[in-house]
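Notes for the one structure printed next.
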Amino acid sequence: MKVTIQRALLSVSDKTGLVELAKFLAGKGVELISTGGTCQAIRGAGIPVMELSDYTGFPEMMDGRVKTLHPKVHGGLLQRRDLASHQEQATRHKIPTIDLVVVNLYPFEQTVARADCTEEQAIENIDIGGPSMLRSAAKNHESVTVVTDPSDYSIVQKEMEGEGGTTLATRKKLAAKVFRHTSHYDHLIGAYLTRQSEKDQPVLQETAGLVRRRAQTLRYGENPHQKASLYGSFLESFQQLHGKELSYNNVLDLSAAAGLIAEFPKAPPTLAILKHTNPCGVGSGKTLLEAWERAYATDRQAPFGGIIVANRAIDAETAQAISEIFSEVILAPSFEPAALKILQAKKNLRLMENHETNTGGYDFRSVRGNGLLVQESDGAG
């Protein structure tokens, strides 16, 4: 059964798709309520919208810290439509229902990632009203639609075509996404404050450092019958230039290869061959080709289907030699144009640039009982 959307509250830091969504909602006869810059953007596009302070009768105050924390907001979100007592109280206190909430949060993660971020700036980017509205709406997803990701606007718009409402299945899915999002957001804040207050062993403080966003859904895990996903910022360290998408085993091998080559940042040209995360051969020489020949001479059988990693740009001569055997992945800081041309002739060969700069942090190992072992990373590798 669809719940018709008659009133929507919009308050976003990311304005992507905002005007288009607001125009669609207004075209469906939805009353729009908004705050600050969001309200200005909607009004600037010529779309009718009510400022939240006019709706609540209470002004924004304390430099914006108190803005949406009002009974008329949360009562409108949390009231149960199927309980007469809730409806009687809402009527008595003049609290209309709010059927749609579109909120994304202050950019805390991006703020604290800046090298010049002060603690005061970090604190002021801790969103309070946003998560509160999201959680209220998500809790009452039986009747309220809640959206925090601009990529989901189209889902709501598609369902609203016709009857102007959303299905319970969609509302439940969006609510689950909200709770995952606010959980991650709170984790980021907790991790930041832990780093500030527990500088000796921040990773050992409850869950600090253990929550990661999904970066990519993999085709399968170690074996075809196993589902798998990649989490965290792994893909920010490696840029794929060519070849099939990465597999679960590729990611493991890439991680091992990057850790190994990090031991040779200022060494002469060095190249290593790995198979199933194990080094089969490592060589250094006056040129990268010489390094390849020494690494390959160590074991000419095991490298078949393995991963090759270098601490220098791959040149044409080295690329020609490497191309004579079957490899899954080649990882290097860069590839010379002539080398790329040679290697890209192999359709499925994955060519990856290594942009990893931070080799510190922590190591995580899964153990039985769905447990984790955590330790500080050992040096550069």
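Numbering starts fresh at 1 for the residues of each chain in the structure tokens, the chains themselves are lettered A, B, ... in the order given, and ligands are numbered from 1 as they appear.
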- Query: Leaving out range 209-226 of chain A and any residue of its chain fewer than 6 positions from it, which residues lie within 8 Å of it when counting only C-alpha atoms, given as a list in words?
  - Reply: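 Near range 209-226 of chain A, the qualifying residues are His184, His187, Ala191, Val203, Gly232, Ser233, Phe234, Leu235, Leu246, Ser247, Tyr248 and Asn249 of chain A.
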- Task: Just the residues within 12 Å of Gly285 in chain A, please, counting only C-alpha atoms, with nothing from its chain fewer than 3 positions along; format it as a PyMOL selection string.
- Result: chain A and resi 267-272+282+288-295+310-312
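Non-sequential neighbours of Gly37 in chain A (distance at most 12 Å, separation of 3 or more positions within a chain, only C-alpha atoms) are Leu10, Ser11, Val12, Ser13, Asp14, Lys15, Leu18, Ser34, Gln40, Ala41, Ile42, Arg43, Gly44, Glu51, Leu52 and Gly64 of chain A.
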Could you take the residues named above and write them with N, CA and C atoms, as a PDB file, in the first residue's frame?
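Writing done, so here's out_30.pdb:
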ATOM      1  N   LEU A  10      12.993  19.413   3.562  1.00  0.00           N
ATOM      2  CA  LEU A  10      14.262  19.247   2.860  1.00  0.00           C
ATOM      3  C   LEU A  10      15.334  20.110   3.523  1.00  0.00           C
ATOM      4  N   SER A  11      16.470  19.493   3.871  1.00  0.00           N
ATOM      5  CA  SER A  11      17.587  20.219   4.471  1.00  0.00           C
ATOM      6  C   SER A  11      18.868  19.469   4.132  1.00  0.00           C
ATOM      7  N   VAL A  12      19.612  19.960   3.144  1.00  0.00           N
ATOM      8  CA  VAL A  12      20.746  19.200   2.627  1.00  0.00           C
ATOM      9  C   VAL A  12      22.009  20.052   2.548  1.00  0.00           C
ATOM     10  N   SER A  13      23.147  19.430   2.785  1.00  0.00           N
ATOM     11  CA  SER A  13      24.435  20.096   2.552  1.00  0.00           C
ATOM     12  C   SER A  13      24.893  19.862   1.121  1.00  0.00           C
ATOM     13  N   ASP A  14      24.551  18.679   0.578  1.00  0.00           N
ATOM     14  CA  ASP A  14      24.859  18.345  -0.816  1.00  0.00           C
ATOM     15  C   ASP A  14      23.640  18.713  -1.668  1.00  0.00           C
ATOM     16  N   LYS A  15      23.796  19.744  -2.492  1.00  0.00           N
ATOM     17  CA  LYS A  15      22.660  20.256  -3.269  1.00  0.00           C
ATOM     18  C   LYS A  15      22.454  19.520  -4.596  1.00  0.00           C
ATOM     19  N   LEU A  18      18.886  18.748  -6.027  1.00  0.00           N
ATOM     20  CA  LEU A  18      17.900  19.323  -5.105  1.00  0.00           C
ATOM     21  C   LEU A  18      16.787  20.058  -5.848  1.00  0.00           C
ATOM     22  N   SER A  34      11.720  24.016   4.329  1.00  0.00           N
ATOM     23  CA  SER A  34      13.171  23.887   4.188  1.00  0.00           C
ATOM     24  C   SER A  34      13.904  24.833   5.127  1.00  0.00           C
ATOM     25  N   GLN A  40      17.028  28.691   0.291  1.00  0.00           N
ATOM     26  CA  GLN A  40      17.428  29.717  -0.676  1.00  0.00           C
ATOM     27  C   GLN A  40      17.561  29.134  -2.073  1.00  0.00           C
ATOM     28  N   ALA A  41      18.144  27.926  -2.156  1.00  0.00           N
ATOM     29  CA  ALA A  41      18.335  27.292  -3.468  1.00  0.00           C
ATOM     30  C   ALA A  41      16.990  26.970  -4.114  1.00  0.00           C
ATOM     31  N   ILE A  42      16.043  26.478  -3.309  1.00  0.00           N
ATOM     32  CA  ILE A  42      14.721  26.129  -3.843  1.00  0.00           C
ATOM     33  C   ILE A  42      13.970  27.392  -4.258  1.00  0.00           C
ATOM     34  N   ARG A  43      13.993  28.378  -3.371  1.00  0.00           N
ATOM     35  CA  ARG A  43      13.288  29.635  -3.662  1.00  0.00           C
ATOM     36  C   ARG A  43      13.916  30.352  -4.852  1.00  0.00           C
ATOM     37  N   GLY A  44      15.242  30.254  -4.946  1.00  0.00           N
ATOM     38  CA  GLY A  44      15.942  30.893  -6.060  1.00  0.00           C
ATOM     39  C   GLY A  44      15.579  30.295  -7.401  1.00  0.00           C
ATOM     40  N   GLU A  51      10.001  28.592   4.858  1.00  0.00           N
ATOM     41  CA  GLU A  51      11.150  28.532   5.761  1.00  0.00           C
ATOM     42  C   GLU A  51      10.731  27.807   7.045  1.00  0.00           C
ATOM     43  N   LEU A  52      11.608  26.937   7.546  1.00  0.00           N
ATOM     44  CA  LEU A  52      11.267  26.121   8.714  1.00  0.00           C
ATOM     45  C   LEU A  52      10.884  26.973   9.927  1.00  0.00           C
ATOM     46  N   GLY A  64      22.904  28.447  14.420  1.00  0.00           N
ATOM     47  CA  GLY A  64      22.401  27.310  13.661  1.00  0.00           C
ATOM     48  C   GLY A  64      22.439  25.988  14.394  1.00  0.00           C
TER      49      GLY A  64
END
- Excluding same-chain residues fewer than 2 positions from Asn140 in chain A, what lies within 8 Å of it counting only C-alpha atoms, as a ChimeraX atom specification? /A:77-80,136-138,142-144
Those same residues - all heavy atoms - I'd like them written as a short mmCIF file (atom, residue, chain, number, x, y, z; two decimals), in the first residue's frame.
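What follows is the written file selection-v3.cif:
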data_model
loop_
_atom_site.label_atom_id
_atom_site.label_comp_id
_atom_site.auth_asym_id
_atom_site.auth_seq_id
_atom_site.Cartn_x
_atom_site.Cartn_y
_atom_site.Cartn_z
N LEU A 77 7.02 13.89 12.35
CA LEU A 77 7.67 12.70 11.81
C LEU A 77 7.29 11.44 12.57
O LEU A 77 7.11 10.37 11.98
CB LEU A 77 9.20 12.87 11.85
CG LEU A 77 9.78 13.97 10.97
CD1 LEU A 77 11.28 14.12 11.23
CD2 LEU A 77 9.54 13.66 9.49
N LEU A 78 7.20 11.53 13.89
CA LEU A 78 7.06 10.34 14.72
C LEU A 78 5.62 9.93 15.02
O LEU A 78 5.39 8.80 15.47
CB LEU A 78 7.82 10.55 16.04
CG LEU A 78 9.35 10.46 15.93
CD1 LEU A 78 10.01 11.02 17.19
CD2 LEU A 78 9.79 9.03 15.70
N GLN A 79 4.67 10.80 14.81
CA GLN A 79 3.29 10.43 15.15
C GLN A 79 2.83 9.25 14.30
O GLN A 79 3.02 9.19 13.10
CB GLN A 79 2.35 11.62 14.95
CG GLN A 79 2.31 12.19 13.55
CD GLN A 79 1.30 13.32 13.42
OE1 GLN A 79 0.10 13.08 13.28
NE2 GLN A 79 1.79 14.56 13.47
N ARG A 80 2.21 8.29 14.97
CA ARG A 80 1.67 7.13 14.27
C ARG A 80 0.29 7.45 13.72
O ARG A 80 -0.58 7.94 14.43
CB ARG A 80 1.61 5.93 15.21
CG ARG A 80 2.98 5.33 15.51
CD ARG A 80 2.89 4.12 16.41
NE ARG A 80 1.98 3.09 15.88
CZ ARG A 80 1.82 1.89 16.47
NH1 ARG A 80 2.51 1.59 17.55
NH2 ARG A 80 0.97 1.03 15.95
N SER A 136 14.29 9.87 13.30
CA SER A 136 12.84 9.94 13.58
C SER A 136 12.05 9.44 12.38
O SER A 136 11.11 8.64 12.52
CB SER A 136 12.43 11.39 13.90
OG SER A 136 12.94 11.78 15.17
N ALA A 137 12.42 9.91 11.19
CA ALA A 137 11.70 9.51 9.98
C ALA A 137 11.88 8.03 9.70
O ALA A 137 10.93 7.32 9.33
CB ALA A 137 12.18 10.34 8.79
N ALA A 138 13.12 7.54 9.89
CA ALA A 138 13.40 6.12 9.61
C ALA A 138 12.67 5.21 10.60
O ALA A 138 12.19 4.14 10.23
CB ALA A 138 14.91 5.87 9.65
N GLU A 142 6.96 3.23 8.56
CA GLU A 142 5.63 2.69 8.24
C GLU A 142 4.81 3.75 7.48
O GLU A 142 4.00 3.42 6.62
CB GLU A 142 4.90 2.29 9.52
CG GLU A 142 3.56 1.60 9.32
CD GLU A 142 3.70 0.16 8.84
OE1 GLU A 142 4.73 -0.47 9.15
OE2 GLU A 142 2.77 -0.31 8.16
N SER A 143 5.09 5.03 7.82
CA SER A 143 4.31 6.11 7.20
C SER A 143 5.17 7.18 6.53
O SER A 143 4.66 7.95 5.71
CB SER A 143 3.44 6.80 8.26
OG SER A 143 2.58 5.87 8.89
N VAL A 144 6.47 7.24 6.87
CA VAL A 144 7.32 8.34 6.41
C VAL A 144 8.41 7.82 5.47
O VAL A 144 9.06 6.80 5.74
CB VAL A 144 7.97 9.07 7.62
CG1 VAL A 144 8.83 10.23 7.14
CG2 VAL A 144 6.90 9.57 8.58
#
- From the DSSP assignment of the backbone, select every residue of range 268-375 of chain A that is strand (DSSP E), and format the answer as JSON, numbers by chain. {"A": [270, 271, 272, 273, 274, 275, 278, 279, 280, 281, 282, 283, 284, 306, 307, 308, 309, 310, 327, 328, 329, 330, 331, 332, 350, 351, 352, 353, 354, 362, 363, 364, 365, 366, 367, 371, 372, 373, 374, 375]}
With C-alpha atoms retained, export the selected residues as a tab-separated table (two decimals), in the first residue's frame.
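Result file part04.tsv:
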chain	number	residue	atom	x	y	z
A	270	THR	CA	63.19	-3.34	-8.10
A	271	LEU	CA	60.53	-5.76	-9.27
A	272	ALA	CA	58.70	-8.60	-7.54
A	273	ILE	CA	56.47	-11.45	-8.65
A	274	LEU	CA	53.77	-12.77	-6.31
A	275	LYS	CA	51.31	-15.65	-6.47
A	278	ASN	CA	53.44	-15.09	-1.66
A	279	PRO	CA	56.61	-13.67	-3.28
A	280	CYS	CA	57.96	-15.98	-5.99
A	281	GLY	CA	60.90	-13.78	-6.85
A	282	VAL	CA	62.30	-10.33	-6.11
A	283	GLY	CA	65.08	-8.68	-8.09
A	284	SER	CA	66.94	-5.36	-8.17
A	306	GLY	CA	50.54	-14.07	-10.72
A	307	ILE	CA	50.98	-10.37	-10.02
A	308	ILE	CA	54.01	-8.24	-10.92
A	309	VAL	CA	54.89	-5.11	-8.97
A	310	ALA	CA	57.65	-2.53	-9.56
A	327	SER	CA	50.02	-12.45	-15.60
A	328	GLU	CA	46.83	-11.36	-13.85
A	329	VAL	CA	47.92	-7.89	-12.66
A	330	ILE	CA	50.83	-5.48	-13.09
A	331	LEU	CA	51.23	-2.78	-10.44
A	332	ALA	CA	53.60	0.18	-10.84
A	350	ARG	CA	44.81	-5.63	-15.29
A	351	LEU	CA	47.18	-2.64	-15.31
A	352	MET	CA	47.18	-0.70	-12.04
A	353	GLU	CA	48.92	2.50	-10.99
A	354	ASN	CA	50.10	2.53	-7.40
A	362	TYR	CA	46.46	-0.92	11.36
A	363	ASP	CA	46.36	-4.55	10.30
A	364	PHE	CA	43.13	-6.51	10.70
A	365	ARG	CA	42.92	-10.31	10.66
A	366	SER	CA	39.73	-12.30	10.95
A	367	VAL	CA	39.64	-15.12	13.46
A	371	GLY	CA	36.31	-12.01	15.57
A	372	LEU	CA	39.10	-9.63	14.63
A	373	LEU	CA	42.71	-9.27	15.64
A	374	VAL	CA	44.03	-5.71	15.36
A	375	GLN	CA	47.58	-4.44	15.50
